[in-house]
file protein_3.cif (mmCIF, C-alpha atoms and all ligand atoms)
data_protein
#
loop_
_atom_site.label_atom_id
_atom_site.label_comp_id
_atom_site.auth_asym_id
_atom_site.auth_seq_id
_atom_site.Cartn_x
_atom_site.Cartn_y
_atom_site.Cartn_z
CA MET F 29 0.00 0.00 0.00
CA LYS F 30 1.60 3.24 -1.16
CA VAL F 31 1.04 6.44 0.79
CA LEU F 32 1.95 9.88 -0.49
CA HIS F 33 2.30 12.16 2.53
CA ILE F 34 2.42 15.85 1.66
CA ASP F 35 2.93 18.80 3.99
CA SER F 36 2.59 22.37 2.80
CA SER F 37 2.52 24.59 5.88
CA ILE F 38 5.17 27.29 6.09
CA LEU F 39 5.01 27.31 9.90
CA GLY F 40 7.35 24.38 10.68
CA ASP F 41 6.95 22.87 14.16
CA ALA F 42 4.18 25.39 14.98
CA SER F 43 2.04 24.03 12.16
CA VAL F 44 -1.29 22.44 13.05
CA SER F 45 -1.79 20.71 9.69
CA ARG F 46 1.65 19.09 9.98
CA GLN F 47 0.73 17.78 13.43
CA LEU F 48 -2.52 16.35 12.07
CA SER F 49 -1.00 14.80 8.95
CA GLN F 50 1.67 13.09 11.06
CA ALA F 51 -0.99 11.78 13.44
CA LEU F 52 -2.89 10.32 10.50
CA ILE F 53 0.26 8.65 9.19
CA GLU F 54 0.80 7.07 12.63
CA GLN F 55 -2.83 5.92 12.63
CA LEU F 56 -2.51 4.38 9.15
CA LYS F 57 0.61 2.51 10.34
CA THR F 58 -1.49 0.83 13.02
CA LYS F 59 -4.03 -0.31 10.40
CA HIS F 60 -1.76 -1.48 7.57
CA SER F 61 1.31 -3.61 8.11
CA ALA F 62 3.18 -2.84 4.88
CA LEU F 63 2.96 0.86 4.15
CA GLU F 64 5.34 2.41 1.67
CA ILE F 65 5.36 6.06 2.66
CA GLU F 66 6.73 8.72 0.38
CA TYR F 67 7.08 12.10 2.08
CA LEU F 68 6.93 15.35 0.16
CA ASP F 69 7.54 18.49 2.20
CA LEU F 70 6.60 21.35 -0.08
CA ASN F 71 8.39 23.76 2.20
CA THR F 72 11.74 22.12 1.38
CA VAL F 73 11.17 20.68 -2.10
CA ASN F 74 11.05 23.69 -4.37
CA ILE F 75 8.35 23.46 -7.03
CA PRO F 76 8.62 26.66 -9.07
CA HIS F 77 5.43 28.33 -10.23
CA LEU F 78 4.19 26.97 -13.52
CA THR F 79 5.51 28.99 -16.43
CA GLY F 80 4.87 28.80 -20.16
CA ALA F 81 8.30 27.23 -20.69
CA ILE F 82 7.61 24.55 -18.08
CA LEU F 83 4.15 23.90 -19.49
CA MET F 84 5.58 23.53 -23.00
CA GLY F 85 8.29 21.12 -21.83
CA GLN F 86 11.11 23.53 -22.66
CA ASP F 87 12.80 23.18 -19.27
CA ALA F 88 14.28 19.68 -18.96
CA GLU F 89 14.90 19.91 -15.21
CA GLN F 90 11.32 20.98 -14.56
CA THR F 91 9.91 18.39 -16.96
CA ALA F 92 11.73 15.73 -14.89
CA LEU F 93 10.40 17.19 -11.64
CA GLY F 94 6.85 17.33 -13.03
CA GLU F 95 7.13 13.71 -14.17
CA LYS F 96 8.31 12.65 -10.73
CA LEU F 97 5.42 14.45 -9.01
CA LEU F 98 2.88 13.04 -11.45
CA ASN F 99 4.12 9.48 -11.00
CA GLN F 100 4.10 9.87 -7.22
CA TYR F 101 0.48 10.99 -7.35
CA LEU F 102 -0.61 8.30 -9.81
CA ALA F 103 1.12 5.51 -7.85
CA ALA F 104 -0.33 6.40 -4.45
CA ASP F 105 -3.15 4.34 -2.95
CA ILE F 106 -3.58 6.92 -0.22
CA VAL F 107 -2.77 10.63 -0.34
CA VAL F 108 -2.42 12.46 2.98
CA ILE F 109 -2.21 16.26 2.61
CA GLY F 110 -1.60 18.75 5.36
CA ALA F 111 -3.29 21.89 4.02
CA SER F 112 -3.30 25.24 5.78
CA MET F 113 -5.66 28.05 4.94
CA TYR F 114 -3.65 31.07 3.86
CA ASN F 115 -5.59 34.10 2.64
CA PHE F 116 -8.69 31.95 2.11
CA GLY F 117 -6.79 29.60 -0.19
CA LEU F 118 -3.95 27.12 -0.07
CA SER F 119 -0.26 27.87 0.44
CA SER F 120 1.27 28.81 -2.88
CA ASN F 121 3.61 25.79 -2.72
CA LEU F 122 0.59 23.47 -2.64
CA LYS F 123 -0.95 25.36 -5.56
CA ALA F 124 2.35 24.85 -7.42
CA TRP F 125 2.05 21.08 -6.74
CA ILE F 126 -1.55 21.09 -8.03
CA ASP F 127 -0.38 22.81 -11.21
CA ARG F 128 2.09 19.95 -11.80
CA ILE F 129 -0.25 17.04 -11.16
CA SER F 130 -3.25 18.43 -13.07
CA VAL F 131 -2.12 17.29 -16.50
CA ALA F 132 -4.45 16.42 -19.39
CA GLY F 133 -3.91 12.90 -20.63
CA ARG F 134 -2.27 11.84 -17.36
CA THR F 135 -4.62 12.61 -14.47
CA PHE F 136 -7.70 13.65 -16.48
CA LYS F 137 -8.91 13.78 -20.04
CA TYR F 138 -11.63 15.67 -21.86
CA THR F 139 -14.25 13.64 -23.68
CA GLU F 140 -17.42 14.43 -25.63
CA ASN F 141 -19.27 13.89 -22.36
CA GLY F 142 -17.03 16.16 -20.32
CA PRO F 143 -13.90 15.62 -18.24
CA VAL F 144 -12.95 12.19 -16.93
CA GLY F 145 -10.52 11.64 -14.07
CA LEU F 146 -7.68 9.18 -14.64
CA ALA F 147 -6.15 9.01 -11.17
CA GLY F 148 -8.96 7.28 -9.28
CA ASN F 149 -8.73 4.23 -7.02
CA LYS F 150 -7.23 6.09 -4.15
CA THR F 151 -8.33 7.73 -0.94
CA ALA F 152 -7.36 11.29 -0.17
CA TYR F 153 -7.23 12.73 3.33
CA ILE F 154 -7.12 16.49 3.71
CA LEU F 155 -5.78 17.61 7.09
CA SER F 156 -7.06 21.14 7.17
CA SER F 157 -6.12 23.94 9.55
CA ARG F 158 -7.70 27.37 9.67
CA GLY F 159 -7.30 30.37 11.92
CA GLY F 160 -11.01 31.23 11.79
CA VAL F 161 -14.20 29.20 11.62
CA TYR F 162 -15.77 28.54 8.22
CA GLY F 163 -17.56 25.19 8.52
CA ASP F 164 -18.29 23.00 5.53
CA ASN F 165 -19.42 25.12 2.60
CA SER F 166 -18.35 28.67 3.21
CA PRO F 167 -18.15 30.99 0.18
CA MET F 168 -14.86 32.18 1.74
CA ASP F 169 -13.31 28.70 1.48
CA PHE F 170 -10.93 28.39 -1.46
CA GLN F 171 -8.75 25.97 0.49
CA GLU F 172 -10.57 22.67 1.16
CA GLY F 173 -12.93 23.42 -1.74
CA LEU F 174 -10.11 23.75 -4.25
CA LEU F 175 -8.34 20.60 -3.04
CA LYS F 176 -11.56 18.57 -3.11
CA ALA F 177 -12.30 19.83 -6.64
CA VAL F 178 -8.83 18.85 -7.84
CA PHE F 179 -9.10 15.38 -6.32
CA ASN F 180 -12.57 14.87 -7.79
CA PHE F 181 -11.53 16.22 -11.18
CA THR F 182 -8.62 13.77 -11.32
CA GLY F 183 -10.99 10.90 -10.47
CA VAL F 184 -10.52 10.65 -6.72
CA THR F 185 -13.98 10.57 -5.20
CA ASP F 186 -13.07 9.17 -1.79
CA VAL F 187 -11.95 12.42 -0.18
CA GLN F 188 -12.07 12.82 3.58
CA VAL F 189 -11.52 16.10 5.39
CA ILE F 190 -10.28 16.28 8.97
CA ARG F 191 -10.28 19.86 10.10
CA ALA F 192 -9.01 21.95 12.99
CA GLU F 193 -10.46 25.43 12.73
CA GLY F 194 -10.56 28.51 14.89
CA VAL F 195 -6.92 27.86 15.83
CA ASN F 196 -6.18 31.61 15.98
CA MET F 197 -9.16 32.32 18.24
CA GLY F 198 -7.42 31.67 21.54
CA GLU F 199 -5.54 28.80 23.14
CA ASP F 200 -8.63 27.01 24.49
CA ILE F 201 -10.39 26.96 21.11
CA LYS F 202 -7.18 25.90 19.41
CA THR F 203 -6.56 23.02 21.84
CA GLN F 204 -10.17 21.90 21.55
CA ALA F 205 -10.08 22.04 17.74
CA ILE F 206 -6.88 20.01 17.57
CA ASN F 207 -8.19 17.44 20.05
CA VAL F 208 -11.42 17.00 18.07
CA ALA F 209 -9.40 16.46 14.88
CA LEU F 210 -7.00 14.02 16.61
CA ALA F 211 -9.98 12.06 17.98
CA LYS F 212 -11.42 11.79 14.45
CA ILE F 213 -8.07 10.51 13.22
CA THR F 214 -8.16 7.68 15.75
CA GLN F 215 -11.51 6.57 14.21
CA ILE F 216 -9.93 6.08 10.76
C1 LIG F 301 0.07 33.88 5.68
C2 LIG F 301 -1.11 33.43 6.46
C3 LIG F 301 -2.37 33.65 5.99
C4 LIG F 301 -3.48 33.22 6.71
N1 LIG F 301 -4.73 33.42 6.20
C5 LIG F 301 -5.82 32.97 6.89
C6 LIG F 301 -7.14 33.14 6.37
O1 LIG F 301 -7.35 33.65 5.29
N2 LIG F 301 -8.17 32.68 7.11
C7 LIG F 301 -7.99 32.07 8.31
O2 LIG F 301 -8.95 31.65 8.93
N3 LIG F 301 -6.75 31.88 8.83
C8 LIG F 301 -5.68 32.32 8.14
N4 LIG F 301 -4.42 32.14 8.64
C9 LIG F 301 -4.26 31.33 9.86
C10 LIG F 301 -3.95 29.89 9.46
O3 LIG F 301 -5.00 29.33 8.71
C11 LIG F 301 -3.72 29.04 10.71
O4 LIG F 301 -2.56 29.53 11.36
C12 LIG F 301 -3.52 27.58 10.37
O5 LIG F 301 -3.17 26.87 11.54
C13 LIG F 301 -2.45 27.41 9.31
O6 LIG F 301 -2.13 26.02 9.16
P1 LIG F 301 -0.69 25.55 9.66
O7 LIG F 301 -0.67 25.78 11.15
O8 LIG F 301 -0.62 24.12 9.32
O9 LIG F 301 0.30 26.38 8.92
C14 LIG F 301 -3.30 32.56 7.95
C15 LIG F 301 -2.00 32.35 8.44
C16 LIG F 301 -0.91 32.77 7.71
C17 LIG F 301 0.47 32.49 8.24
#

call {"tool": "encode", "arguments": {"input": "protein_3.cif", "output": "structure tokens", "more": "lines below"}}
Ligand SMILES: Cc1cc2nc3c(=O)[nH]c(=O)nc-3n(C[C@H](O)[C@H](O)[C@H](O)COP(=O)(O)O)c2cc1C
result
Amino acid sequence: MKVLHIDSSILGDASVSRQLSQALIEQLKTKHSALEIEYLDLNTVNIPHLTGAILMGQDAEQTALGEKLLNQYLAADIVVIGASMYNFGLSSNLKAWIDRISVAGRTFKYTENGPVGLAGNKTAYILSSRGGVYGDNSPMDFQEGLLKAVFNFTGVTDVQVIRAEGVNMGEDIKTQAINVALAKITQI
């Protein structure tokens, strides 16, 4: 069973989403004996913003990096993503990753009947952390919503969100939010 574990927070040891994604990895280890875990820390692996040259395959180094990221995504049975809310969206490094794995002919294709995802047969876990409280379907949410849309578009329909929110609303609310999320993780 292959697991792709991605962290994207810029806050290092203070990051809530990193704490949650690690807890989920530990939980998965208790459930599956032979896990092959590939770890991608988007704060240390530099994925440059998509440019025209990269898109057109004119940068050999970036073509190789894109291929590596695509193959990692396609091969994974489980994707675990620590995703922070920054300015209502995702961290720009996670957006850069999305831009590399959303590739026509590889993870989706267009047909006469609309788009079809090609990267299905996997489960995605989004470990979400937010300073404020937004709930499930807020019009201000371009973080979980975008990630879910990308997973769905690439054929991944089994997407589970574990969320700690209100983490900037005081220590008590933060502790409570993290504990609720950690308790959910133990149910997986
Ligand atoms: C640059 C930056 C932008 C942020 N923007 C938002 C925001 O738009 N809405 C919000 O509720 N919290 C916002 N926050 C708070 C983060 O969502 C919160 O700290 C969360 O825990 C981040 O996840 P992390 O701890 O894994 O990095 C922001 C924090 C930073 C550092």

call {"tool": "residues_near_ligand", "arguments": {"input": "protein_3.cif", "ligand": "ligand LIG 301 (chain F)", "cutoff": "6 Å", "atoms": "all atoms listed in the file", "output": "PyMOL selection string"}}
result
chain F and resi 37-39+43-46+112-116+157-160+195

call {"tool": "closest_residue", "arguments": {"input": "protein_3.cif", "among": "F:Thr91, F:Gln100, F:Asn141, F:Asn149", "to": "Thr79 in chain F", "atoms": "all atoms listed in the file"}}
result
F:Thr91

call {"tool": "atom_distance", "arguments": {"input": "protein_3.cif", "atom1": "CA of Gly148 in chain F", "atom2": "CA of Tyr101 in chain F"}}
result
10.3 Å

call {"tool": "closest_residue", "arguments": {"input": "protein_3.cif", "among": "F:Val178, F:Ala92, F:Leu48, F:Ala205", "to": "Ser130 in chain F", "atoms": "all atoms listed in the file"}}
result
F:Val178

call {"tool": "closest_residue", "arguments": {"input": "protein_3.cif", "among": "F:Ala51, F:Leu118, F:Ala192, F:Val107", "to": "Ala152 in chain F", "atoms": "all atoms listed in the file"}}
result
F:Val107

call {"tool": "atom_distance", "arguments": {"input": "protein_3.cif", "atom1": "CA of Val161 in chain F", "atom2": "CA of Asn207 in chain F"}}
result
15.7 Å

call {"tool": "closest_residue", "arguments": {"input": "protein_3.cif", "among": "F:Gly142, F:Ile82, F:Ile154, F:Ile190", "to": "Thr214 in chain F", "atoms": "only C-alpha atoms"}}
result
F:Ile190

call {"tool": "closest_residue", "arguments": {"input": "protein_3.cif", "among": "F:Val184, F:Ile75, F:Gln86, F:Val108", "to": "Gln55 in chain F", "atoms": "all atoms listed in the file"}}
result
F:Val108

call {"tool": "atom_distance", "arguments": {"input": "protein_3.cif", "atom1": "CA of Lys176 in chain F", "atom2": "CA of Ile109 in chain F"}}
result
11.2 Å

call {"tool": "closest_residue", "arguments": {"input": "protein_3.cif", "among": "F:Thr72, F:Leu78, F:Val31, F:Glu66", "to": "Lys96 in chain F", "atoms": "only C-alpha atoms"}}
result
F:Glu66

call {"tool": "residues_around", "arguments": {"input": "protein_3.cif", "residues": "Ile65 in chain F", "least_positions_apart": "6", "cutoff": "10 Å", "atoms": "only C-alpha atoms", "output": "ChimeraX atom specification"}}
result
/F:29-33,53,57,104,106-107

call {"tool": "residues_around", "arguments": {"input": "protein_3.cif", "residues": "Leu122 in chain F", "least_positions_apart": "5", "cutoff": "10 Å", "atoms": "only C-alpha atoms", "output": "count of residues only"}}
result
16
